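**Q** As input, take entry_3.txt (compact mmCIF, C-alpha atoms):
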# COMPACT_ATOMS: atom_id res chain seq x y z
CA MET A 1 143.88 98.46 -218.44
CA THR A 2 140.95 97.09 -220.45
CA PRO A 3 142.15 95.46 -223.69
CA ALA A 4 141.20 97.25 -226.90
CA PRO A 5 137.89 95.94 -228.28
CA HIS A 6 139.34 95.93 -231.78
CA ALA A 7 143.00 95.13 -231.22
CA PRO A 8 144.99 94.56 -234.43
CA THR A 9 144.99 91.09 -235.92
CA GLN A 10 147.68 91.83 -238.51
CA ALA A 11 151.34 92.76 -238.22
CA VAL A 12 154.55 93.52 -240.11
CA ILE A 13 157.98 92.23 -239.10
CA LEU A 14 160.97 94.06 -240.57
CA ALA A 15 163.45 91.25 -241.18
CA GLY A 16 165.65 92.56 -243.98
CA GLY A 17 168.65 94.03 -242.15
CA GLN A 18 172.25 92.99 -242.83
CA GLY A 19 173.12 92.29 -239.19
CA SER A 20 176.76 93.22 -239.81
CA ARG A 21 177.54 93.50 -236.08
CA LEU A 22 176.49 89.87 -235.61
CA ARG A 23 178.91 88.36 -238.11
CA PRO A 24 179.82 85.54 -238.54
CA TYR A 25 176.33 84.47 -237.35
CA THR A 26 174.73 86.42 -240.20
CA ASP A 27 177.07 85.22 -242.95
CA ASP A 28 174.63 82.47 -243.95
CA LYS A 29 171.33 83.64 -242.45
CA PRO A 30 169.42 86.88 -241.89
CA LYS A 31 169.62 88.41 -238.43
CA PRO A 32 166.10 87.36 -237.28
CA MET A 33 167.00 83.74 -238.12
CA ILE A 34 169.68 83.59 -235.41
CA GLU A 35 168.75 81.20 -232.61
CA ILE A 36 168.78 82.33 -229.01
CA PRO A 37 171.10 79.83 -227.27
CA GLY A 38 169.12 77.33 -225.23
CA THR A 39 165.85 77.73 -227.15
CA GLY A 40 166.39 76.00 -230.50
CA THR A 41 164.17 78.66 -232.09
CA PRO A 42 165.20 81.72 -234.12
CA ILE A 43 164.29 85.21 -232.99
CA ILE A 44 161.51 85.48 -235.56
CA GLY A 45 160.02 82.21 -234.32
CA HIS A 46 159.65 83.72 -230.85
CA GLN A 47 158.12 86.85 -232.36
CA LEU A 48 155.55 84.93 -234.37
CA SER A 49 154.56 82.83 -231.36
CA TRP A 50 154.10 86.00 -229.29
CA LEU A 51 152.04 87.72 -231.99
CA ALA A 52 149.78 84.68 -232.32
CA GLN A 53 149.25 84.62 -228.54
CA GLU A 54 148.23 88.29 -228.76
CA GLY A 55 145.51 87.60 -231.32
CA VAL A 56 147.37 88.23 -234.58
CA SER A 57 146.30 85.99 -237.45
CA ASP A 58 148.24 87.49 -240.40
CA VAL A 59 151.86 88.63 -240.58
CA VAL A 60 153.81 90.22 -243.43
CA VAL A 61 157.54 89.53 -243.15
CA SER A 62 159.71 92.01 -245.02
CA CYS A 63 162.85 90.21 -246.21
CA GLY A 64 166.10 91.50 -247.68
CA HIS A 65 169.49 90.02 -246.75
CA LEU A 66 169.48 86.27 -247.61
CA ALA A 67 165.71 86.42 -248.12
CA GLU A 68 165.57 82.87 -249.47
CA VAL A 69 166.80 81.46 -246.14
CA MET A 70 164.00 83.26 -244.31
CA GLN A 71 161.37 82.24 -246.85
CA ARG A 72 162.44 78.59 -246.71
CA TRP A 73 162.23 78.48 -242.91
CA LEU A 74 158.82 80.17 -242.90
CA ALA A 75 157.52 77.74 -245.52
CA ASP A 76 158.70 74.69 -243.56
CA ALA A 77 157.79 75.84 -240.03
CA ASP A 78 154.53 74.84 -238.36
CA LEU A 79 153.25 78.33 -237.53
CA PRO A 80 150.00 79.36 -235.81
CA LEU A 81 149.26 82.20 -238.26
CA ARG A 82 149.26 83.09 -241.95
CA ILE A 83 152.51 84.45 -243.37
CA THR A 84 153.13 86.62 -246.43
CA THR A 85 156.70 87.53 -247.40
CA VAL A 86 157.81 90.52 -249.42
CA VAL A 87 161.37 91.05 -250.62
CA GLU A 88 163.13 94.38 -251.01
CA ASP A 89 165.12 94.23 -254.23
CA GLU A 90 167.26 97.06 -252.86
CA PRO A 91 167.50 98.52 -249.34
CA LEU A 92 164.67 100.99 -248.67
CA GLY A 93 165.54 101.90 -245.10
CA ARG A 94 163.32 101.05 -242.15
CA GLY A 95 160.63 103.56 -243.08
CA GLY A 96 160.62 102.61 -246.73
CA GLY A 97 160.64 98.93 -245.85
CA LEU A 98 157.72 99.39 -243.49
CA ARG A 99 155.73 101.18 -246.19
CA PHE A 100 156.58 98.52 -248.76
CA ALA A 101 155.51 95.69 -246.43
CA ALA A 102 152.32 97.45 -245.29
CA ALA A 103 151.04 97.33 -248.87
CA ALA A 104 150.73 93.54 -248.45
CA LEU A 105 148.60 93.66 -245.30
CA PRO A 106 145.32 91.80 -245.90
CA ARG A 107 143.09 94.42 -244.19
CA PRO A 108 144.37 97.93 -245.06
CA ALA A 109 141.39 99.62 -243.40
CA GLU A 110 142.30 98.13 -240.00
CA PRO A 111 145.08 98.97 -237.51
CA TRP A 112 148.25 96.91 -237.39
CA TYR A 113 151.29 96.10 -235.31
CA ALA A 114 154.87 96.34 -236.50
CA THR A 115 158.13 95.21 -234.96
CA ASN A 116 161.79 95.16 -235.84
CA GLY A 117 163.00 91.64 -236.57
CA ASP A 118 165.77 91.67 -233.96
CA ILE A 119 163.60 92.34 -230.89
CA TRP A 120 163.04 89.59 -228.31
CA THR A 121 160.25 90.61 -225.97
CA ARG A 122 157.04 89.68 -224.21
CA PHE A 123 154.41 92.12 -222.98
CA PRO A 124 150.62 92.50 -223.44
CA LEU A 125 150.15 93.92 -226.92
CA ARG A 126 146.39 94.20 -226.42
CA ASP A 127 147.01 96.64 -223.55
CA MET A 128 149.23 98.67 -225.83
CA ALA A 129 146.48 98.68 -228.47
CA ALA A 130 144.00 99.93 -225.87
CA PHE A 131 146.44 102.68 -224.88
CA HIS A 132 146.80 103.64 -228.56
CA THR A 133 143.01 103.89 -228.96
CA GLU A 134 142.58 105.93 -225.78
CA ARG A 135 145.21 108.45 -226.92
CA ASP A 136 143.60 108.70 -230.37
CA ALA A 137 147.11 108.35 -231.78
CA VAL A 138 148.19 107.72 -235.34
CA ALA A 139 151.14 105.69 -234.06
CA THR A 140 152.17 104.39 -230.66
CA LEU A 141 155.70 103.31 -229.75
CA ALA A 142 156.56 100.79 -227.07
CA LEU A 143 159.11 102.37 -224.73
CA ALA A 144 161.76 100.32 -222.94
CA ARG A 145 164.24 101.22 -220.24
CA PRO A 146 167.21 98.96 -221.01
CA ARG A 147 169.93 98.21 -218.51
CA LEU A 148 173.33 99.82 -218.88
CA PRO A 149 176.12 97.44 -219.91
CA TRP A 150 178.25 98.78 -217.04
CA GLY A 151 177.90 98.88 -213.30
CA ALA A 152 177.07 102.19 -211.64
CA VAL A 153 178.53 103.85 -208.58
CA ARG A 154 176.44 105.74 -206.02
CA THR A 155 178.03 108.43 -203.88
CA ASP A 156 176.76 110.42 -200.94
CA GLY A 157 177.40 113.83 -202.48
CA PHE A 158 180.61 114.33 -200.51
CA GLY A 159 182.78 112.11 -202.65
CA HIS A 160 182.25 108.93 -200.63
CA VAL A 161 181.24 105.78 -202.54
CA VAL A 162 178.27 104.22 -200.74
CA ASP A 163 177.06 101.54 -203.17
CA PHE A 164 177.67 99.67 -206.42
CA ILE A 165 174.76 98.86 -208.74
CA GLU A 166 175.16 96.11 -211.31
CA SER A 167 173.75 97.06 -214.75
CA PRO A 168 171.13 99.58 -213.58
CA PRO A 169 168.28 100.63 -215.88
CA THR A 170 168.89 103.80 -217.86
CA ALA A 171 167.29 107.06 -216.77
CA TYR A 172 165.65 107.46 -220.18
CA GLU A 173 163.14 105.39 -222.12
CA ILE A 174 164.00 104.37 -225.68
CA ASN A 175 162.02 103.33 -228.72
CA ALA A 176 161.62 99.57 -228.22
CA GLY A 177 160.96 98.86 -231.91
CA VAL A 178 157.36 97.67 -231.45
CA TYR A 179 154.46 99.78 -232.74
CA VAL A 180 150.68 100.02 -232.93
CA LEU A 181 149.70 101.82 -236.13
CA SER A 182 146.40 103.23 -237.32
CA PRO A 183 144.96 102.71 -240.81
CA GLY A 184 146.52 105.20 -243.18
CA PHE A 185 149.80 105.42 -241.26
CA ALA A 186 151.69 103.81 -244.16
CA GLU A 187 150.84 106.80 -246.36
CA LEU A 188 152.88 109.00 -244.00
CA LEU A 189 156.00 106.86 -244.37
CA PRO A 190 158.84 107.73 -246.75
CA GLU A 191 159.36 105.57 -249.80
CA ARG A 192 163.01 105.45 -248.77
CA GLY A 193 164.62 106.33 -245.49
CA ASP A 194 164.04 106.02 -241.77
CA HIS A 195 160.64 106.75 -240.23
CA GLU A 196 162.34 107.55 -236.91
CA ARG A 197 163.90 110.61 -238.55
CA THR A 198 160.95 111.65 -240.69
CA THR A 199 157.47 110.37 -239.87
CA PHE A 200 157.78 110.01 -236.10
CA PRO A 201 159.21 113.51 -235.45
CA ARG A 202 156.46 115.00 -237.60
CA LEU A 203 153.74 113.13 -235.70
CA ALA A 204 155.33 114.15 -232.40
CA ARG A 205 155.16 117.83 -233.38
CA GLU A 206 151.49 117.33 -234.26
CA HIS A 207 150.79 115.51 -230.95
CA ARG A 208 149.65 112.41 -232.82
CA LEU A 209 152.41 110.08 -231.55
CA ALA A 210 152.00 108.17 -228.26
CA GLY A 211 154.49 106.26 -226.11
CA PHE A 212 153.51 103.13 -224.18
CA SER A 213 155.93 102.31 -221.36
CA LEU A 214 156.52 98.57 -221.04
CA PRO A 215 154.97 97.30 -217.80
CA GLN A 216 157.21 96.45 -214.89
CA GLY A 217 158.63 92.98 -215.26
CA ALA A 218 158.20 92.85 -219.05
CA TYR A 219 161.15 91.33 -220.88
CA TRP A 220 162.81 93.27 -223.72
CA ARG A 221 166.12 92.94 -225.49
CA ALA A 222 167.42 94.00 -228.89
CA ILE A 223 169.76 91.39 -230.38
CA ASP A 224 172.46 93.50 -232.02
CA THR A 225 175.74 91.84 -231.04
CA ALA A 226 177.17 88.50 -229.95
CA LYS A 227 177.16 89.85 -226.40
CA ASP A 228 173.39 90.36 -226.64
CA LEU A 229 173.01 86.69 -227.56
CA THR A 230 175.07 85.66 -224.55
CA GLU A 231 173.11 87.95 -222.23
CA ALA A 232 169.78 86.70 -223.60
CA ALA A 233 170.81 83.09 -222.99
CA ARG A 234 171.91 83.96 -219.45
CA GLU A 235 168.62 85.73 -218.72
CA LEU A 236 166.65 82.81 -220.11
CA ALA A 237 168.57 80.39 -217.91
CA ALA A 238 167.79 82.56 -214.88
CA HIS A 239 164.07 82.02 -215.55
CA ARG A 240 164.32 78.22 -215.57
CA GLY A 241 161.97 76.84 -212.94
CA THR A 242 160.04 80.11 -212.64
CA PRO A 243 157.05 81.48 -214.62
CA ASP A 244 158.86 82.33 -217.83
CA PRO A 245 157.81 85.59 -219.56
CA LEU A 246 159.32 84.26 -222.77
CA ALA A 247 157.46 80.96 -222.83
Could you write out this file's structure as structure tokens?
**A**
Amino acid sequence: MTPAPHAPTQAVILAGGQGSRLRPYTDDKPKPMIEIPGTGTPIIGHQLSWLAQEGVSDVVVSCGHLAEVMQRWLADADLPLRITTVVEDEPLGRGGGLRFAAAALPRPAEPWYATNGDIWTRFPLRDMAAFHTERDAVATLALARPRLPWGAVRTDGFGHVVDFIESPPTAYEINAGVYVLSPGFAELLPERGDHERTTFPRLAREHRLAGFSLPQGAYWRAIDTAKDLTEAARELAAHRGTPDPLA
């Protein structure tokens, strides 16, 4: 796919969640500040590096839970892009938070990326931006096919077990929490609430929402629990000595 000629150069990271399922890790830091074992870098550090590699020059980080910890790290870190932080005085929900943060984007007349702050991934964002432009979409979602946390059993249709499959990919694609958004999209977001229950269903009904399937071999993981941290560290270790998609 030919990269978009005018791929976004600005992005929003939603980094204000409580991260209650990751306690005690999130008792003294926001969820995106948790380090992936073996990297020495918090999740948001990996995200910012990835965005910079994909041509992004300006990022708005929406803070909430323990915002001062996030702001201090961002101020001290040597980052390859310009950072603006905004702080939700009270929880606005993901859709409200996205709208609130979008107001701080430096170029409101241009498209933008957005990502949830607990996503650890690598894939070609410029290709996704090209896909978005080709579909003439208002918003495009990255779609992932995560692996099941359990092994699967294959039978022959007669009740005989013929194979075991360790953590197979799901049959369905899910919203991967990474978006390409057209100018004006923020005006469609709720001031409070979740865009996945309001704005996205509306755009889907109007055929203005696109879905970009992550390319084969792309890495994606949502860091929601301590088990996710362990699995991410294991997957990283498996890439040692090979071309690392997370480098």
**Q** What does the distance from atom CA of Ile223 of chain A to atom CA of Ile119 of chain A come to in Å, to one decimal?
**A**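 Separation between atom CA of Ile223 of chain A and atom CA of Ile119 of chain A: 6.3 Å.
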**Q** For each of A:Val161, A:Leu105, A:Val86, A:Ala171, take the minimum atom-to-atom distance to Arg147 of chain A, counting all atoms listed in the file, then give the residue where this is smallest.
**A**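 Under the stated criterion, the closest residue is A:Ala171.
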**Q** Determine, counting all atoms listed in the file, every residue of protein, DNA or RNA that lies within 9 Å of (153.3, 85.6, -234.5) in the file coordinates, then give the result as a PyMOL selection string.
**A** chain A and resi 11+44-59+79-83
**Q** Give me the residues near Pro124 of chain A as number ranges by chain, where near means some atom within 9 Å (using all atoms listed in the file) and where sequence neighbours in that chain fewer than 5 positions away do not count.
**A** A: 3, 54, 129, 214-215, 218
**Q** Kindly export the residues of the current selection with C-alpha atoms, as a compact mmCIF listing (two decimals), in the frame of the given file.
**A**
# COMPACT_ATOMS: atom_id res chain seq x y z
CA PRO A 3 142.15 95.46 -223.69
CA GLU A 54 148.23 88.29 -228.76
CA ALA A 129 146.48 98.68 -228.47
CA LEU A 214 156.52 98.57 -221.04
CA PRO A 215 154.97 97.30 -217.80
CA ALA A 218 158.20 92.85 -219.05
**Q** Which of these, A:Thr225, A:Gln71, A:Thr155, A:Thr121, has the shortest distance to Lys31 of chain A once you count all atoms listed in the file?
**A**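 Answer, going by the shortest atom-to-atom distance: A:Thr225.
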**Q** Point out the residue among A:Gly151, A:Pro183, A:Gly93, A:Gly40 with the least atom-to-atom distance to Tyr113 of chain A, counting all atoms listed in the file.
**A**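 The closest residue to Tyr113 of chain A is A:Pro183.
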**Q** Quick one: of A:Arg72, A:His207, A:Arg221, A:Arg145, who's nearest to Asn116 of chain A, counting all atoms listed in the file?
**A**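 Among the listed residues, A:Arg221 lies closest to Asn116 of chain A.
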**Q** May I ask for the distance between atom CA of Gly217 of chain A and atom CA of Ala144 of chain A, given in Å to one decimal place?
**A**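 Computing the Euclidean distance for atom CA of Gly217 of chain A and atom CA of Ala144 of chain A yields 11.1 Å.
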